[in-house]
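Below: the structure, in structure tokens.
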Amino acid sequence: METDSGCSSTAELQKQGKKLSHALRISAYVFSTGLLMFTALVNSVSWFMQNVTLGNFWQTAWLEFYDHMEGDEWTIFLIGAALVPALAFWGFNGILLVADITGKPTFITRYRIQLGKNDPVDTKKLWKAIYTVLGNQFLISFPMLVPMFYIMKWWDSTFSKELPTFQWFLLELSIFTVVEEILFYYSHRLVHLPVLYKHIHKKHHEWTAPIGVVSIYAHPIEHIISNTLPVMIGPMIMGSHIVSISAWFSIALVTTSISHCGYHLPLLPSPEFHDFHHLKFNQCYGVLGVLDFLHGTDKMFRQSKAFERHKVLLSLTPLSESIPDPPKKDE
């Protein structure tokens, strides 16, 4: 009996070792390939920005804006870190809300992921979500910008009259993304603990078939630790320029809206990963999926049709048609 138990333990350790080795090899391959592609992209785009576009257009535009605001750093910060990202969020979601409420235009709604859901959306439930989102933005996100403003002033580079180079901006975006992935993944798993889920995260999961605007429909505590801090920490660590902060906040809000939108639209990033999380609850906690792979929290997803559809759609045929879900047993 003891011998069998020892053999079983040894086999289990070997299995875990092989799994870790496999994960490390894949991570090394992804990292090295990504690094090569990133270097090539930076060199190509930087050459294009410097030689094909209007030279110092952005630098000139920034200086004109700075002078127009008379160097008022607080106002510049509010416009860059609050107003511009909010306009990006509501501009993008405004288009999606038309489709959610009216079921039209069909060139959007035909790409619905969970067929038959939110068709059209429950307006009473929608208004509740919108009120919560506005509350999170005005009562939590915007006040959190106050301490961030003073941290950024301490860096003494956020309001520099010289914009960062495009290469540096791309490097910053990479770091911001990694920081967000780490902080969001672990804070997200934290609020899935039963005691926290019941009182905090359950609110967000009222939407098993999400729409774009509910990306920041959450309990105030969750909005702080999972939605806001993972996005803010990167720029605070890097001492980023306000233009970089504004671009990053806008990108983060639009991409999380895409992840929740419920439509797998052509040429946009795939929302299948996070949509599957809302459908199954205990899968796909992260943003990029790297930590989910390493922790094994995407096993069910990888065995699903949703995983086959998890790619950028490059045609006009909805993936729900080209890669349909298998028929249900009772059909």
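If you're wondering about the labels, chains in the structure tokens are A, B, ... by order shown, residues count from 1 in each chain, ligands from 1 in order shown.
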
Alpha helix (DSSP H) residues, from DSSP on the backbone, in stretch 86-191 of chain A, as a PyMOL selection string: chain A and resi 86-102+106-109+123-136+142-155+166-190

Within 9 Å of stretch 176-184 of chain A using only C-alpha atoms, minus same-chain residues under 3 positions, as a ChimeraX atom specification: /A:171-173,187-189,225-227,229-235,238,248,252,285-291

A:Asp298 environment, 9 Å, only C-alpha atoms, sequence neighbours closer than 5 positions dropped, as number ranges by chain: A: 273, 282-285, 289, 292-293, 303

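Nearest-residue note for A:Ala86: choosing from A:Trp58, A:Trp74, A:Tyr197, A:Phe249, the minimum distance belongs to A:Phe249, counting only C-alpha atoms.
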
Shell of 10 Å around A:Val214, only C-alpha atoms, local chain residues under 4 positions omitted, as a VMD selection string: chain A and resid 93 126 129 to 130 132 to 133 204 to 207 210 218 256 to 257 260 to 261

Could you save the residues just selected, with N, CA and C atoms, as a compact mmCIF listing (two decimals), in the first residue's frame?
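The result, stored in again-v1.txt:
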```txt
# COMPACT_ATOMS: atom_id res chain seq x y z
N ASN A 93 -19.57 52.77 -26.75
CA ASN A 93 -20.73 52.05 -26.23
C ASN A 93 -22.05 52.65 -26.70
N LEU A 126 -30.95 47.43 -18.14
CA LEU A 126 -29.93 48.27 -18.76
C LEU A 126 -29.79 49.60 -18.04
N ALA A 129 -27.89 49.33 -14.93
CA ALA A 129 -26.45 49.21 -15.19
C ALA A 129 -25.84 50.57 -15.51
N ILE A 130 -26.53 51.36 -16.33
CA ILE A 130 -26.02 52.67 -16.72
C ILE A 130 -25.87 53.59 -15.51
N THR A 132 -25.35 52.68 -12.44
CA THR A 132 -24.21 52.18 -11.65
C THR A 132 -22.89 52.58 -12.30
N VAL A 133 -22.81 52.46 -13.61
CA VAL A 133 -21.59 52.83 -14.34
C VAL A 133 -21.28 54.31 -14.16
N HIS A 204 -21.60 42.09 -10.74
CA HIS A 204 -21.12 42.13 -12.13
C HIS A 204 -21.64 40.94 -12.92
N HIS A 205 -21.79 39.80 -12.25
CA HIS A 205 -22.22 38.58 -12.93
C HIS A 205 -23.73 38.45 -13.05
N GLU A 206 -24.45 39.51 -12.72
CA GLU A 206 -25.89 39.51 -13.03
C GLU A 206 -26.08 39.38 -14.54
N TRP A 207 -25.08 39.80 -15.28
CA TRP A 207 -25.12 39.74 -16.74
C TRP A 207 -24.35 38.50 -17.21
N PRO A 210 -23.10 39.45 -21.31
CA PRO A 210 -22.79 40.87 -21.10
C PRO A 210 -22.95 41.73 -22.35
N ALA A 218 -20.16 47.33 -11.64
CA ALA A 218 -19.57 46.54 -10.57
C ALA A 218 -19.81 47.20 -9.22
N THR A 256 -11.93 46.76 -22.90
CA THR A 256 -12.78 46.03 -21.96
C THR A 256 -14.24 46.08 -22.41
N SER A 257 -14.62 47.15 -23.10
CA SER A 257 -15.97 47.22 -23.67
C SER A 257 -16.13 46.18 -24.77
N HIS A 260 -16.68 42.76 -23.35
CA HIS A 260 -18.01 42.55 -22.78
C HIS A 260 -19.15 42.75 -23.78
N CYS A 261 -18.85 43.20 -24.99
CA CYS A 261 -19.90 43.71 -25.87
C CYS A 261 -20.90 42.66 -26.33
```

Distance query A:Asp67 at most 12 Å, only C-alpha atoms, self and fewer than 5 positions along chain excluded, as a VMD selection string: chain A and resid 60 to 62 72 to 73 76 159 161

Export, as a PDB file, in the first residue's frame, the selected residues with N, CA and C atoms.
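And here's out-v7.pdb as it stands now:
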```
ATOM      1  N   THR A  60       3.710  69.603 -32.180  1.00  0.00           N
ATOM      2  CA  THR A  60       3.195  70.961 -32.358  1.00  0.00           C
ATOM      3  C   THR A  60       1.791  71.096 -31.782  1.00  0.00           C
ATOM      4  N   ALA A  61       0.959  70.075 -32.038  1.00  0.00           N
ATOM      5  CA  ALA A  61      -0.413  70.100 -31.527  1.00  0.00           C
ATOM      6  C   ALA A  61      -0.423  70.116 -30.000  1.00  0.00           C
ATOM      7  N   TRP A  62       0.470  69.325 -29.387  1.00  0.00           N
ATOM      8  CA  TRP A  62       0.557  69.281 -27.932  1.00  0.00           C
ATOM      9  C   TRP A  62       0.974  70.638 -27.362  1.00  0.00           C
ATOM     10  N   ASP A  72      -2.027  75.024 -17.244  1.00  0.00           N
ATOM     11  CA  ASP A  72      -2.807  74.608 -16.069  1.00  0.00           C
ATOM     12  C   ASP A  72      -2.793  73.085 -15.978  1.00  0.00           C
ATOM     13  N   GLU A  73      -1.898  72.546 -15.160  1.00  0.00           N
ATOM     14  CA  GLU A  73      -1.664  71.110 -15.133  1.00  0.00           C
ATOM     15  C   GLU A  73      -2.875  70.323 -14.653  1.00  0.00           C
ATOM     16  N   ILE A  76      -5.380  70.195 -17.509  1.00  0.00           N
ATOM     17  CA  ILE A  76      -4.842  69.322 -18.553  1.00  0.00           C
ATOM     18  C   ILE A  76      -4.980  67.857 -18.138  1.00  0.00           C
ATOM     19  N   PHE A 159       3.811  66.402 -17.400  1.00  0.00           N
ATOM     20  CA  PHE A 159       3.359  67.584 -18.135  1.00  0.00           C
ATOM     21  C   PHE A 159       4.503  68.255 -18.907  1.00  0.00           C
ATOM     22  N   LYS A 161       6.795  69.545 -21.838  1.00  0.00           N
ATOM     23  CA  LYS A 161       6.439  70.112 -23.142  1.00  0.00           C
ATOM     24  C   LYS A 161       6.940  69.249 -24.302  1.00  0.00           C
TER      25      LYS A 161
END
```

Using only C-alpha atoms: which of A:Ile79, A:Ile224, A:Leu97, A:Val146 has the shortest distance to A:Thr109: A:Leu97

Neighbouring residues of A:Thr106 were defined as those with any atom within 12 Å, considering only C-alpha atoms; residues of the same chain fewer than 6 positions away were excluded. Please report them as an mmCIF file with C-alpha atoms, in the first residue's frame.
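Dumped to around-v4.cif:
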```cif
data_model
loop_
_atom_site.group_PDB
_atom_site.id
_atom_site.type_symbol
_atom_site.label_atom_id
_atom_site.label_comp_id
_atom_site.auth_asym_id
_atom_site.auth_seq_id
_atom_site.Cartn_x
_atom_site.Cartn_y
_atom_site.Cartn_z
ATOM 1 C CA LEU A 96 -23.385 49.360 -29.323
ATOM 2 C CA VAL A 98 -28.307 51.360 -30.318
ATOM 3 C CA ALA A 99 -27.865 47.765 -31.471
ATOM 4 C CA ASP A 100 -28.590 46.357 -27.992
ATOM 5 C CA ARG A 112 -24.008 38.205 -31.535
ATOM 6 C CA ASP A 119 -32.287 40.492 -28.350
ATOM 7 C CA TYR A 263 -20.638 40.773 -30.504
ATOM 8 C CA LEU A 265 -17.285 41.850 -34.909
ATOM 9 C CA PRO A 318 -20.285 35.399 -38.327
#
```

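Between atom CA of A:Phe276 and atom CA of A:Gly94 the interatomic distance comes to 23.5 Å.
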
Nearest residue to A:Val191 from the set A:Ala209, A:His223, A:Gly116, A:Asp275 (distances using only C-alpha atoms):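 Smallest separation from A:Val191 among the options: A:His223.
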
Top pick for closest residue to A:His192, considering A:Ile113, A:Thr158, A:Arg309, A:Glu222 and counting only C-alpha atoms: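 Residue with the minimum atom-to-atom distance to A:His192: A:Glu222.
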
Selected residue, from A:Ser240, A:Ser304, A:Gln167, A:Thr102, that lies nearest to A:Lys280 when counting only C-alpha atoms: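 With only C-alpha atoms as the atom set, the closest residue is A:Ser304.
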
Surrounding residues of A:Ala81 excluding itself and chain neighbours under 4 positions, 9 Å, only C-alpha atoms, as a PyMOL selection string: chain A and resi 76-77+85-86+142+145+242-243+245-247+249-250

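Between A:Leu268 and the residues A:Leu314, A:Ile175, A:Leu139, A:Leu253, the shortest atom-to-atom distance, using only C-alpha atoms, involves A:Leu314.
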
For atom CA of A:Trp90 and atom CA of A:Thr208, the interatomic separation in Å (one decimal):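 A separation of 21.8 Å between them.
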
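Across the structure, atom CA of A:Leu319 and atom CA of A:Tyr217 are spaced 27.2 Å apart.
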